[in-house]
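*Asks:* Handing over upload.txt, compact mmCIF, C-alpha atoms and all ligand atoms.
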```
# COMPACT_ATOMS: atom_id res chain seq x y z
CA MET E 9 -38.02 54.24 119.59
CA LYS E 10 -38.39 50.74 118.24
CA ALA E 11 -40.46 49.73 121.25
CA LEU E 12 -42.64 52.78 120.76
CA GLY E 13 -43.15 52.04 117.09
CA LEU E 14 -44.22 48.46 117.76
CA ALA E 15 -46.52 49.50 120.53
CA LEU E 16 -48.17 52.03 118.29
CA ILE E 17 -48.75 49.61 115.48
CA SER E 18 -50.73 47.48 117.90
CA LEU E 19 -52.53 50.59 119.08
CA LEU E 20 -54.07 51.53 115.78
CA PRO E 21 -56.92 49.07 115.38
CA LEU E 22 -58.07 49.72 118.92
CA MET E 23 -57.95 53.46 118.53
CA SER E 24 -60.28 53.35 115.56
CA THR E 25 -62.84 51.08 117.21
CA VAL E 26 -63.60 52.55 120.58
CA SER E 27 -66.20 50.24 122.05
CA CYS E 28 -66.39 50.80 125.75
CA GLY E 29 -69.60 52.73 125.79
CA GLN E 30 -67.82 56.06 125.79
CA SER E 31 -67.57 58.37 122.84
CA ALA E 32 -64.25 58.57 121.07
CA ASP E 33 -63.74 62.07 122.36
CA SER E 34 -63.45 60.89 125.92
CA CYS E 35 -60.42 58.76 125.08
CA THR E 36 -57.24 60.08 126.59
CA GLU E 37 -53.76 58.86 127.28
CA GLY E 38 -54.38 55.53 128.91
CA ASP E 39 -58.04 55.77 129.76
CA GLN E 40 -60.45 52.88 129.91
CA CYS E 41 -61.49 53.03 126.26
CA SER E 42 -58.45 51.15 125.07
CA ASP E 43 -56.73 50.40 128.30
CA ASP E 44 -53.95 48.04 127.26
CA ALA E 45 -53.19 49.76 123.99
CA ASP E 46 -52.87 53.22 125.52
CA GLY E 47 -50.83 51.70 128.31
CA ASP E 48 -48.42 50.31 125.72
CA ALA E 49 -47.99 53.74 124.18
CA MET E 50 -47.54 55.44 127.53
CA ASN E 51 -45.10 52.81 128.78
CA ALA E 52 -43.04 53.36 125.63
CA ALA E 53 -43.29 57.12 126.09
CA TYR E 54 -42.06 56.75 129.68
CA GLU E 55 -38.98 54.89 128.45
CA ASP E 56 -38.35 57.47 125.78
CA ALA E 57 -38.68 60.35 128.25
CA THR E 58 -36.42 58.89 130.91
CA THR E 59 -33.74 56.82 129.19
CA ASP E 60 -30.67 58.91 128.55
CA ALA E 61 -29.18 56.21 126.35
CA LYS E 62 -31.80 57.30 123.85
CA ALA E 63 -30.53 60.88 123.70
CA ASP E 64 -29.80 60.55 120.01
CA THR E 65 -33.46 59.82 119.25
CA TYR E 66 -34.56 63.32 120.23
CA ASP E 67 -34.98 64.50 116.67
CA CYS E 68 -37.92 62.17 116.05
CA SER E 69 -39.42 61.87 119.52
CA GLY E 70 -42.65 63.48 120.63
CA VAL E 71 -41.75 62.94 124.27
CA ARG E 72 -38.11 63.86 124.79
CA VAL E 73 -37.42 67.43 125.80
CA PRO E 74 -34.12 68.88 124.53
CA ASP E 75 -33.42 70.34 128.00
CA ARG E 76 -32.51 67.35 130.18
CA ASN E 77 -31.37 68.83 133.49
CA GLY E 78 -30.50 71.98 135.38
CA PHE E 79 -34.09 72.56 136.53
CA ASN E 80 -33.00 73.60 140.00
CA LYS E 81 -36.25 72.46 141.63
CA ARG E 82 -38.43 74.29 139.13
CA VAL E 83 -41.52 72.41 137.97
CA VAL E 84 -43.42 73.15 134.75
CA LEU E 85 -47.04 72.03 135.09
CA THR E 86 -48.90 70.84 131.98
CA PHE E 87 -52.48 69.58 131.64
CA ASP E 88 -53.64 67.69 128.57
CA ASP E 89 -56.90 66.64 126.92
CA GLY E 90 -59.20 69.43 128.18
CA PRO E 91 -60.98 71.62 128.62
CA ASN E 92 -63.57 69.76 130.65
CA PRO E 93 -66.23 72.06 132.14
CA ALA E 94 -66.73 69.52 134.96
CA THR E 95 -63.12 69.49 136.19
CA THR E 96 -60.99 72.22 134.57
CA PRO E 97 -62.48 75.09 136.65
CA LYS E 98 -61.34 73.37 139.86
CA VAL E 99 -57.86 72.85 138.41
CA ILE E 100 -57.71 76.55 137.53
CA GLU E 101 -58.91 77.55 141.00
CA ILE E 102 -56.19 75.49 142.70
CA LEU E 103 -53.47 76.78 140.36
CA HIS E 104 -54.54 80.33 141.24
CA LYS E 105 -54.46 79.51 144.95
CA HIS E 106 -50.80 78.46 144.57
CA HIS E 107 -49.92 81.21 142.09
CA ALA E 108 -48.74 78.38 139.85
CA PRO E 109 -48.37 78.96 136.11
CA ALA E 110 -49.46 76.11 133.84
CA THR E 111 -49.94 75.14 130.21
CA PHE E 112 -53.15 73.51 128.98
CA PHE E 113 -52.80 71.39 125.85
CA ASN E 114 -56.33 71.27 124.48
CA ASN E 115 -58.08 68.97 122.03
CA GLY E 116 -60.27 70.87 119.59
CA MET E 117 -62.92 68.14 119.69
CA ARG E 118 -63.61 69.19 123.29
CA TYR E 119 -64.70 72.69 122.34
CA SER E 120 -68.32 72.77 123.39
CA THR E 121 -69.67 76.22 124.22
CA ALA E 122 -68.70 75.81 127.88
CA ALA E 123 -65.25 74.46 126.98
CA LYS E 124 -64.68 77.38 124.60
CA ALA E 125 -65.34 79.76 127.48
CA LEU E 126 -62.70 77.94 129.53
CA ALA E 127 -60.24 78.13 126.64
CA TYR E 128 -60.90 81.87 126.43
CA GLN E 129 -60.28 82.17 130.17
CA ILE E 130 -57.01 80.21 129.93
CA ALA E 131 -55.80 82.19 126.91
CA HIS E 132 -56.40 85.51 128.70
CA ASP E 133 -54.90 84.53 132.06
CA PRO E 134 -51.33 85.86 132.36
CA ASP E 135 -50.29 82.74 134.31
CA PHE E 136 -51.53 80.26 131.73
CA LEU E 137 -50.58 79.18 128.23
CA LEU E 138 -53.00 77.53 125.83
CA GLY E 139 -51.33 74.80 123.75
CA ASN E 140 -52.40 72.55 120.88
CA HIS E 141 -52.99 68.83 121.57
CA THR E 142 -54.58 68.32 118.10
CA GLN E 143 -58.21 67.97 117.13
CA ASN E 144 -59.14 64.32 117.74
CA HIS E 145 -56.35 62.83 119.85
CA ILE E 146 -55.30 60.20 117.33
CA ASN E 147 -51.82 58.72 116.99
CA LEU E 148 -50.11 61.03 114.50
CA ALA E 149 -47.00 58.85 114.18
CA VAL E 150 -48.75 56.77 111.55
CA GLN E 151 -50.87 59.37 109.72
CA SER E 152 -50.40 61.07 106.36
CA ALA E 153 -49.05 64.60 106.09
CA ALA E 154 -52.54 65.80 105.16
CA THR E 155 -54.06 64.27 108.31
CA VAL E 156 -51.32 65.60 110.56
CA THR E 157 -51.82 69.07 109.12
CA SER E 158 -55.59 68.87 109.46
CA GLU E 159 -55.40 67.60 113.06
CA VAL E 160 -53.07 70.43 114.02
CA MET E 161 -54.67 73.28 112.09
CA LYS E 162 -58.28 72.63 113.16
CA THR E 163 -57.26 73.09 116.78
CA ASP E 164 -54.89 75.89 115.79
CA ALA E 165 -57.89 77.86 114.53
CA LEU E 166 -59.83 77.19 117.74
CA ILE E 167 -57.10 78.25 120.13
CA LYS E 168 -56.44 81.33 118.00
CA ALA E 169 -60.15 82.16 118.22
CA ALA E 170 -59.87 81.75 122.00
CA GLY E 171 -57.17 84.42 121.98
CA SER E 172 -53.93 82.41 122.09
CA ASN E 173 -51.01 83.04 119.78
CA MET E 174 -48.90 80.34 121.44
CA LYS E 175 -47.28 77.77 119.19
CA TYR E 176 -46.65 74.88 121.56
CA LEU E 177 -47.91 71.44 120.57
CA ARG E 178 -47.97 68.14 122.39
CA PHE E 179 -48.49 64.99 120.34
CA PRO E 180 -51.30 62.70 121.58
CA PHE E 181 -49.67 59.88 123.61
CA GLY E 182 -46.38 61.75 123.05
CA SER E 183 -46.26 59.73 119.87
CA ALA E 184 -44.48 61.22 116.86
CA SER E 185 -42.52 60.06 113.85
CA CYS E 186 -39.70 61.95 112.17
CA ALA E 187 -42.12 62.90 109.39
CA ALA E 188 -44.95 63.98 111.70
CA LYS E 189 -42.60 66.07 113.80
CA HIS E 190 -41.20 67.66 110.67
CA TYR E 191 -44.70 68.59 109.44
CA VAL E 192 -45.68 70.04 112.81
CA GLU E 193 -42.52 72.11 113.07
CA GLY E 194 -43.14 73.26 109.52
CA LEU E 195 -46.47 74.65 110.76
CA GLY E 196 -44.51 76.84 113.17
CA TYR E 197 -45.00 74.72 116.28
CA THR E 198 -42.56 73.79 119.02
CA VAL E 199 -43.13 70.17 120.08
CA VAL E 200 -43.36 69.77 123.86
CA GLY E 201 -42.82 66.42 125.54
CA TRP E 202 -42.46 65.78 129.26
CA HIS E 203 -39.93 64.61 131.81
CA ILE E 204 -42.38 63.20 134.33
CA ASP E 205 -45.60 61.27 133.69
CA SER E 206 -47.82 61.71 136.75
CA ALA E 207 -49.72 58.58 135.58
CA ASP E 208 -52.89 60.37 136.70
CA TRP E 209 -54.59 58.68 133.72
CA CYS E 210 -53.61 55.26 135.12
CA TYR E 211 -54.71 56.05 138.69
CA ALA E 212 -57.97 57.47 137.31
CA ALA E 213 -58.58 54.37 135.21
CA GLY E 214 -58.22 52.13 138.27
CA ASN E 215 -60.17 54.32 140.71
CA GLY E 216 -56.99 55.25 142.53
CA TYR E 217 -55.08 52.03 141.84
CA CYS E 218 -52.66 52.15 138.90
CA LYS E 219 -52.58 48.58 137.57
CA PRO E 220 -49.18 47.10 136.64
CA ALA E 221 -50.70 45.79 133.41
CA THR E 222 -51.65 49.35 132.45
CA PHE E 223 -48.48 51.23 133.40
CA GLN E 224 -45.47 49.25 134.53
CA TYR E 225 -43.24 52.03 135.87
CA VAL E 226 -44.79 52.44 139.30
CA ASP E 227 -43.21 50.86 142.40
CA ASP E 228 -45.55 48.36 144.01
CA ALA E 229 -45.63 50.46 147.16
CA LEU E 230 -47.00 53.42 145.18
CA ARG E 231 -49.73 51.61 143.22
CA ASN E 232 -52.32 53.28 145.46
CA ASP E 233 -50.37 56.51 145.92
CA MET E 234 -50.41 58.89 142.94
CA ILE E 235 -48.97 61.75 144.96
CA GLY E 236 -46.15 59.53 146.21
CA PHE E 237 -45.36 58.49 142.65
CA ILE E 238 -45.30 62.11 141.50
CA MET E 239 -43.10 63.25 144.39
CA GLN E 240 -40.66 60.36 143.86
CA GLN E 241 -40.13 61.40 140.24
CA ILE E 242 -40.00 65.13 140.97
CA HIS E 243 -37.19 64.52 143.44
CA GLN E 244 -35.33 62.15 141.09
CA ASN E 245 -35.47 64.71 138.28
CA ASN E 246 -35.04 67.82 140.47
CA GLY E 247 -37.98 69.41 138.59
CA GLY E 248 -38.88 69.54 134.91
CA ILE E 249 -42.06 69.26 132.86
CA ILE E 250 -44.80 67.13 134.41
CA LEU E 251 -47.70 65.63 132.45
CA MET E 252 -51.17 65.69 134.02
CA HIS E 253 -54.74 65.75 132.69
CA ASP E 254 -57.30 68.34 133.76
CA ILE E 255 -60.15 66.11 132.57
CA HIS E 256 -59.89 63.68 135.49
CA GLN E 257 -61.85 64.39 138.66
CA SER E 258 -59.17 62.61 140.70
CA THR E 259 -56.49 64.93 139.31
CA ALA E 260 -58.55 67.99 140.23
CA ASP E 261 -59.26 66.49 143.67
CA HIS E 262 -55.57 65.81 144.44
CA LEU E 263 -53.99 68.87 142.84
CA ASP E 264 -54.05 71.04 145.95
CA GLU E 265 -52.17 68.42 147.94
CA ILE E 266 -49.75 67.76 145.07
CA LEU E 267 -48.79 71.43 144.80
CA THR E 268 -48.63 71.81 148.59
CA ARG E 269 -46.26 68.85 148.85
CA MET E 270 -44.05 70.25 146.10
CA GLU E 271 -43.86 73.64 147.78
CA ALA E 272 -43.09 72.04 151.15
CA ASP E 273 -40.15 70.22 149.54
CA GLY E 274 -38.74 73.45 148.11
CA PHE E 275 -40.00 73.23 144.53
CA THR E 276 -41.28 76.28 142.66
CA PHE E 277 -43.44 76.54 139.55
CA ALA E 278 -42.18 77.92 136.24
CA ARG E 279 -43.74 78.71 132.89
CA LEU E 280 -43.20 76.56 129.83
CA ASP E 281 -41.80 79.58 127.96
CA ASP E 282 -39.23 80.36 130.70
CA LYS E 283 -35.91 80.38 128.87
CA THR E 284 -33.93 79.99 132.07
CA VAL E 285 -35.65 76.66 132.78
CA LEU E 286 -36.05 75.31 129.23
CA PRO E 287 -33.58 77.22 127.03
CA LYS E 288 -33.23 74.69 124.24
CA LEU E 289 -36.98 74.05 123.98
CA ASN E 290 -37.45 77.81 123.68
CA GLY E 291 -34.89 78.27 120.94
CA VAL E 292 -31.97 79.72 122.86
CA GLN E 293 -28.89 78.89 120.86
CA VAL E 294 -26.66 77.05 123.26
CA LYS E 295 -22.98 77.08 122.37
CA PHE E 296 -21.00 73.87 122.16
CA ILE E 297 -17.49 72.60 121.43
CA GLY E 298 -16.23 74.38 118.33
CA ASP E 299 -18.56 77.40 118.54
CA THR E 300 -17.03 80.86 118.82
CA CYS E 301 -16.81 82.41 122.29
CA THR E 302 -15.26 85.25 124.20
CA THR E 303 -15.50 84.04 127.82
CA ASN E 304 -16.02 80.77 129.67
CA SER E 305 -19.58 81.84 130.45
CA ASP E 306 -20.38 81.47 126.74
CA CYS E 307 -19.67 77.73 126.97
CA THR E 308 -22.35 76.53 129.39
CA TYR E 309 -22.45 72.83 128.46
CA THR E 310 -20.87 69.95 130.37
CA ALA E 311 -18.44 67.72 128.46
CA ASN E 312 -16.47 64.72 129.76
CA GLY E 313 -17.84 65.50 133.20
CA ALA E 314 -16.56 69.07 133.41
CA PRO E 315 -17.89 72.51 132.42
CA GLY E 316 -17.00 73.79 128.97
CA THR E 317 -14.39 76.53 128.66
CA CYS E 318 -13.47 79.17 126.09
CA SER E 319 -10.04 78.50 124.53
CA ALA E 320 -7.42 81.18 123.90
CA ALA E 321 -8.17 80.71 120.20
CA GLY E 322 -11.77 81.85 120.73
CA PHE E 323 -13.75 78.62 120.46
CA CYS E 324 -15.54 76.55 123.07
CA THR E 325 -13.57 73.52 124.19
CA ALA E 326 -13.26 70.93 126.97
CA ALA E 327 -10.56 68.71 128.41
CA CYS E 328 -10.40 65.19 127.00
CA THR E 329 -8.38 62.01 127.09
CA THR E 330 -9.76 60.10 124.10
CA THR E 331 -13.06 61.38 122.78
CA CYS E 332 -15.31 64.42 122.90
CA PRO E 333 -19.14 64.48 122.83
CA ASP E 334 -21.03 65.51 119.72
CA ALA E 335 -24.25 67.55 119.67
CA ASN E 336 -27.16 67.58 117.26
CA GLY E 337 -26.68 70.15 114.51
CA LYS E 338 -23.13 71.03 115.54
CA ALA E 339 -19.82 70.19 113.87
CA GLY E 340 -18.34 66.85 114.92
CA THR E 341 -15.64 66.97 117.58
CA PHE E 342 -12.22 65.43 118.10
CA CYS E 343 -9.67 65.19 120.92
CA ILE E 344 -6.20 66.54 120.03
CA ALA E 345 -3.08 67.27 122.05
CA ASN E 346 -3.21 70.53 123.98
CA PRO E 347 0.06 72.49 123.68
CA ALA E 348 -0.76 74.26 126.96
CA GLY E 349 -1.26 71.05 128.93
CA PRO E 350 0.66 68.04 127.63
CA SER E 351 -0.98 65.65 130.11
CA VAL E 352 -4.53 66.23 128.84
CA GLY E 353 -6.06 66.72 125.42
CA MET E 354 -8.41 69.43 124.15
CA CYS E 355 -11.67 69.09 122.27
CA VAL E 356 -11.85 70.84 118.90
CA ALA E 357 -14.35 70.89 116.05
CA LYS E 358 -13.74 68.92 112.93
CA SER E 359 -13.63 70.93 109.72
CA ALA E 360 -17.32 71.02 108.77
CA PRO E 361 -20.00 73.08 106.98
CA GLN E 362 -21.05 74.52 110.38
CA ASN E 363 -17.68 76.31 110.65
CA ASN E 364 -17.27 76.81 106.90
CA SER E 365 -14.26 74.48 106.86
CA CYS E 366 -12.77 76.33 109.87
CA ALA E 367 -13.02 79.75 108.16
CA LEU E 368 -15.49 80.98 110.82
CA LEU E 369 -12.97 80.21 113.59
CA THR E 370 -10.53 82.97 112.86
CA HIS E 371 -7.71 81.81 115.12
CA THR E 372 -7.66 78.27 113.77
CA SER E 373 -6.70 76.49 110.61
CA ALA E 374 -7.80 73.20 109.09
CA ARG E 375 -5.16 70.57 109.73
CA THR E 376 -5.10 66.79 109.88
CA LEU E 377 -4.00 65.84 113.39
CA PRO E 378 -3.79 62.60 115.39
CA ARG E 379 -6.06 61.81 118.30
CA PHE E 380 -4.51 62.75 121.64
CA SER E 381 -4.29 59.22 123.00
CA ASP E 382 -4.20 57.29 119.73
CA PRO E 383 -1.85 58.46 116.94
CA ASN E 384 -3.33 55.81 114.62
CA VAL E 385 -6.56 57.81 114.37
CA SER E 386 -6.57 61.26 112.77
CA ALA E 387 -9.06 63.82 111.55
CA LEU E 388 -9.21 67.12 109.70
CA VAL E 389 -9.85 69.55 112.52
CA CYS E 390 -9.92 73.29 113.22
CA ALA E 391 -6.69 73.46 115.21
CA PRO E 392 -5.62 76.57 117.13
CA ASN E 393 -2.89 78.50 115.30
ZN ZN J 401 -53.60 63.52 125.49
```
Starting from the file, lay out its structure as structure tokens.
*Replies:*
Amino acid sequence: MKALGLALISLLPLMSTVSCGQSADSCTEGDQCSDDADGDAMNAAYEDATTDAKADTYDCSGVRVPDRNGFNKRVVLTFDDGPNPATTPKVIEILHKHHAPATFFNNGMRYSTAAKALAYQIAHDPDFLLGNHTQNHINLAVQSAATVTSEVMKTDALIKAAGSNMKYLRFPFGSASCAAKHYVEGLGYTVVGWHIDSADWCYAAGNGYCKPATFQYVDDALRNDMIGFIMQQIHQNNGGIILMHDIHQSTADHLDEILTRMEADGFTFARLDDKTVLPKLNGVQVKFIGDTCTTNSDCTYTANGAPGTCSAAGFCTAACTTTCPDANGKAGTFCIANPAGPSVGMCVAKSAPQNNSCALLTHTSARTLPRFSDPNVSALVCAPN
């Protein structure tokens, strides 16, 4: 996140003085208006989306998606920065041809009469979701609460008028701060990042050639091959949310082949609100070590390289040798000796507000116990009775 923050500080002056002969409202992620600056932001966003070492930064990221894997070759298509009456109708036509659901994150500043008609069409199509990409596509990571609210709510009113009651928002450039994300969530929105950047903005900016100086994360062999770059990432990630832009003619022109290639390789298309593909994004409460359970199927996480299990004492656990993973919002965890298996430890929750000092785990009691492999370290944990 540090890299992102620095990149965005350098982005600001350029964003406010668009001087390439285009109007500000044609500026998108990485387009020609502020080529290098947008490239900085999108390079940082790429790192944030793909680097698992940054998992603990999710709370403040506009890019990271809480669901990281398990997509099972399902692809969630998203299109930002429209509607554009010159290109969006072709995108819609190709999506229909492939029976592919998609989400369009619109900018309110685009809403000419013709664009409003497209927004209405998207909002009333059962395969499509209409999302909020804010009014003016400015970097909200460095704006006041009043500006963030205004940017979100102006477009909120427009997409409501178009007939959408969806509350999905994507930050411009994927750029958020803890405060901005907090404000947006306070307005009832779910923040949607992406797993895969198609870099269609970069290929469009270079007339089919994505320049290394603009976006660094493209293999040299794929600098002239947007579809190859997309397919490489789709295979690496086994699916997930992909970022594209329906405002680019080149995206509209290549979409049929992109979707055909995905289908040929066994991928299918899923909706953003599909809870089987993106459970955490869509608010499904996923159980973790220390949560109550009745069967192993309640404990669907992976910990220390193995599936979670439900202990005889009625809480989710996992085998361990030294440590146990923690999860955002959950009680901390600890590895203690397992009376049932002396050669391996068991993960338990520490006594914490989340379990009301172990009172919510009825077959446990709060005790100070040593770590399984290190008696010099101990913790107050909810130990099975
Ligand atoms: Zn955008």
*Asks:* Which residues form the shell of 9 Å around ligand ZN 401 (chain J) when you count all atoms listed in the file, given as a PyMOL selection string?
*Replies:* chain E and resi 35-38+87-90+113-115+141-142+145-146+178-182+253
*Asks:* Dump as a Markdown table the rows for residues of range 254-364 of chain E within 9 Å of range 77-80 of chain E: closest atom pair and distance in Å with one decimal, all atoms listed in the file counted, ordered by chain and rising residue number.
*Replies:*
```
| residue | atom | partner | partner_atom | distance |
| --- | --- | --- | --- | --- |
| E:Phe275 | CA | E:Asn80 | CA | 8.3 |
| E:Thr284 | CA | E:Phe79 | CA | 8.7 |
| E:Val285 | CA | E:Phe79 | CA | 5.8 |
| E:Leu286 | CA | E:Phe79 | CA | 8.0 |
```
*Asks:* Any chance you could export the current selection's C-alpha atoms as a PDB file, keeping the file's coordinate frame?
*Replies:*
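Saved result, out07.pdb, follows:
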```pdb
ATOM      1  CA  PHE E 275     -40.000  73.230 144.530  1.00  0.00           C
ATOM      2  CA  THR E 284     -33.930  79.990 132.070  1.00  0.00           C
ATOM      3  CA  VAL E 285     -35.650  76.660 132.780  1.00  0.00           C
ATOM      4  CA  LEU E 286     -36.050  75.310 129.230  1.00  0.00           C
TER       5      LEU E 286
END
```
*Asks:* Between CA of Ala387 in chain E and CA of Gly337 in chain E, what distance in Å does the model show, to one decimal?
*Replies:*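 It comes out at 19.0 Å.
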*Asks:* Could you please determine the separation between CA of Gln224 in chain E and CA of Leu267 in chain E in Å, to one decimal place?
*Replies:* 24.7 Å
*Asks:* Please provide the set of residues having any atom within 10 Å of Thr310 in chain E, restricted to all atoms listed in the file, with same-chain residues fewer than 2 positions apart removed, written as an MDAnalysis selection string.
*Replies:* chainID E and resid 296:297 307:308 312:317 326 333
*Asks:* Neighbourhood query: residues within 12 Å of (-56.5, 56.9, 139.2), file coordinates, counting only C-alpha atoms; return as a PyMOL selection string.
*Replies:* chain E and resi 38-40+206-219+222-223+230-235+237+252-253+255-262
*Asks:* Output C-alpha atoms of each residue in that selection to a file, as a JSON list (two decimals), keeping the file's coordinate frame.
*Replies:*
```
[["chain", "number", "residue", "atom", "x", "y", "z"],
["E", 38, "GLY", "CA", -54.38, 55.53, 128.91],
["E", 39, "ASP", "CA", -58.04, 55.77, 129.76],
["E", 40, "GLN", "CA", -60.45, 52.88, 129.91],
["E", 206, "SER", "CA", -47.82, 61.71, 136.75],
["E", 207, "ALA", "CA", -49.72, 58.58, 135.58],
["E", 208, "ASP", "CA", -52.89, 60.37, 136.70],
["E", 209, "TRP", "CA", -54.59, 58.68, 133.72],
["E", 210, "CYS", "CA", -53.61, 55.26, 135.12],
["E", 211, "TYR", "CA", -54.71, 56.05, 138.69],
["E", 212, "ALA", "CA", -57.97, 57.47, 137.31],
["E", 213, "ALA", "CA", -58.58, 54.37, 135.21],
["E", 214, "GLY", "CA", -58.22, 52.13, 138.27],
["E", 215, "ASN", "CA", -60.17, 54.32, 140.71],
["E", 216, "GLY", "CA", -56.99, 55.25, 142.53],
["E", 217, "TYR", "CA", -55.08, 52.03, 141.84],
["E", 218, "CYS", "CA", -52.66, 52.15, 138.90],
["E", 219, "LYS", "CA", -52.58, 48.58, 137.57],
["E", 222, "THR", "CA", -51.65, 49.35, 132.45],
["E", 223, "PHE", "CA", -48.48, 51.23, 133.40],
["E", 230, "LEU", "CA", -47.00, 53.42, 145.18],
["E", 231, "ARG", "CA", -49.73, 51.61, 143.22],
["E", 232, "ASN", "CA", -52.32, 53.28, 145.46],
["E", 233, "ASP", "CA", -50.37, 56.51, 145.92],
["E", 234, "MET", "CA", -50.41, 58.89, 142.94],
["E", 235, "ILE", "CA", -48.97, 61.75, 144.96],
["E", 237, "PHE", "CA", -45.36, 58.49, 142.65],
["E", 252, "MET", "CA", -51.17, 65.69, 134.02],
["E", 253, "HIS", "CA", -54.74, 65.75, 132.69],
["E", 255, "ILE", "CA", -60.15, 66.11, 132.57],
["E", 256, "HIS", "CA", -59.89, 63.68, 135.49],
["E", 257, "GLN", "CA", -61.85, 64.39, 138.66],
["E", 258, "SER", "CA", -59.17, 62.61, 140.70],
["E", 259, "THR", "CA", -56.49, 64.93, 139.31],
["E", 260, "ALA", "CA", -58.55, 67.99, 140.23],
["E", 261, "ASP", "CA", -59.26, 66.49, 143.67],
["E", 262, "HIS", "CA", -55.57, 65.81, 144.44]]
```
*Asks:* Give me, please, the distance in Å between CA of Pro361 in chain E and CA of Asn336 in chain E, quoted to one decimal.
*Replies:*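 Interatomic distance, CA of Pro361 in chain E to CA of Asn336 in chain E: 13.7 Å.
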*Asks:* From the options E:Ala57, E:Cys68, E:Val292, E:Leu103, which residue's atoms come nearest to Ile249 in chain E, counting only C-alpha atoms?
*Replies:* E:Ala57
*Asks:* Kindly indicate which residue among E:Thr276, E:Asn290, E:Thr300, E:Gln244 lies nearest to Ala367 in chain E, using all atoms listed in the file for the distances.
*Replies:*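 Selected residue with least distance to Ala367 in chain E: E:Thr300.
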*Asks:* Set up a box along x, y and z of the file covering all listed atoms of range 243-258 of chain E, add 8 Å on every one of the six sides, and write the centre and edge lengths in Å to one decimal, as AutoDock Vina command-line options.
*Replies:*
```
--center_x -48.4 --center_y 65.8 --center_z 137.9 --size_x 42.8 --size_y 23.4 --size_z 27.0
```
*Asks:* Using all atoms listed in the file, pick whichever of E:Asn173, E:Asn140, E:Thr325, E:Asn51 has the shortest atom-to-atom distance to Glu159 in chain E.
*Replies:*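 The shortest atom-to-atom distance to Glu159 in chain E comes from E:Asn140.
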*Asks:* Using all atoms listed in the file, determine which residues lie at most 7 Å from range 196-203 of chain E, disregarding the query and same-chain residues fewer than 2 positions distant; provide the list as a PDB file with C-alpha atoms, in the frame of the given file.
*Replies:*
```pdb
ATOM      1  CA  ALA E  57     -38.680  60.350 128.250  1.00  0.00           C
ATOM      2  CA  THR E  58     -36.420  58.890 130.910  1.00  0.00           C
ATOM      3  CA  GLY E  70     -42.650  63.480 120.630  1.00  0.00           C
ATOM      4  CA  VAL E  71     -41.750  62.940 124.270  1.00  0.00           C
ATOM      5  CA  ARG E  72     -38.110  63.860 124.790  1.00  0.00           C
ATOM      6  CA  VAL E  73     -37.420  67.430 125.800  1.00  0.00           C
ATOM      7  CA  LYS E 175     -47.280  77.770 119.190  1.00  0.00           C
ATOM      8  CA  TYR E 176     -46.650  74.880 121.560  1.00  0.00           C
ATOM      9  CA  LEU E 177     -47.910  71.440 120.570  1.00  0.00           C
ATOM     10  CA  ARG E 178     -47.970  68.140 122.390  1.00  0.00           C
ATOM     11  CA  GLY E 182     -46.380  61.750 123.050  1.00  0.00           C
ATOM     12  CA  VAL E 192     -45.680  70.040 112.810  1.00  0.00           C
ATOM     13  CA  GLU E 193     -42.520  72.110 113.070  1.00  0.00           C
ATOM     14  CA  GLY E 194     -43.140  73.260 109.520  1.00  0.00           C
ATOM     15  CA  ASP E 205     -45.600  61.270 133.690  1.00  0.00           C
ATOM     16  CA  GLY E 248     -38.880  69.540 134.910  1.00  0.00           C
ATOM     17  CA  ILE E 249     -42.060  69.260 132.860  1.00  0.00           C
ATOM     18  CA  ILE E 250     -44.800  67.130 134.410  1.00  0.00           C
ATOM     19  CA  LEU E 251     -47.700  65.630 132.450  1.00  0.00           C
TER      20      LEU E 251
END
```
*Asks:* Using all atoms listed in the file, can you tell me which of E:Asp254, E:Cys390, E:Asn246, E:Lys338 comes closest to Lys98 in chain E?
*Replies:*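 The shortest atom-to-atom distance to Lys98 in chain E comes from E:Asp254.
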*Asks:* Using only C-alpha atoms, which of the listed residues (E:Cys318, E:Gly353, E:Ala311, E:Gly298) sits closest to Gly340 in chain E?
*Replies:*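 Looking only at the distances to Gly340 in chain E, the closest residue turns out to be E:Gly298.
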*Asks:* Between E:Val83, E:Ala154, E:Lys189, E:Tyr54, which one has atoms that come closest to Met239 in chain E, using all atoms listed in the file?
*Replies:*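 The closest residue to Met239 in chain E is E:Val83.
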*Asks:* I want to know what sits within 12 Å of Tyr119 in chain E, based on only C-alpha atoms, with residues of the same chain fewer than 2 positions away left out; could you give that as a PyMOL selection string?
*Replies:* chain E and resi 33+89-93+114-117+121-128+142-144+162-163+165-167+169-170
*Asks:* Compute the distance from (-44.1, 57.1, 116.1) to each atom, counting only C-alpha atoms, keep the residues with any atom at most 6 Å away, and return them as a list in words; use the coordinates of the file.
*Replies:*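 Here the neighbourhood of the point contains Gly13, Ala149, Ser183, Ala184 and Ser185 of chain E.
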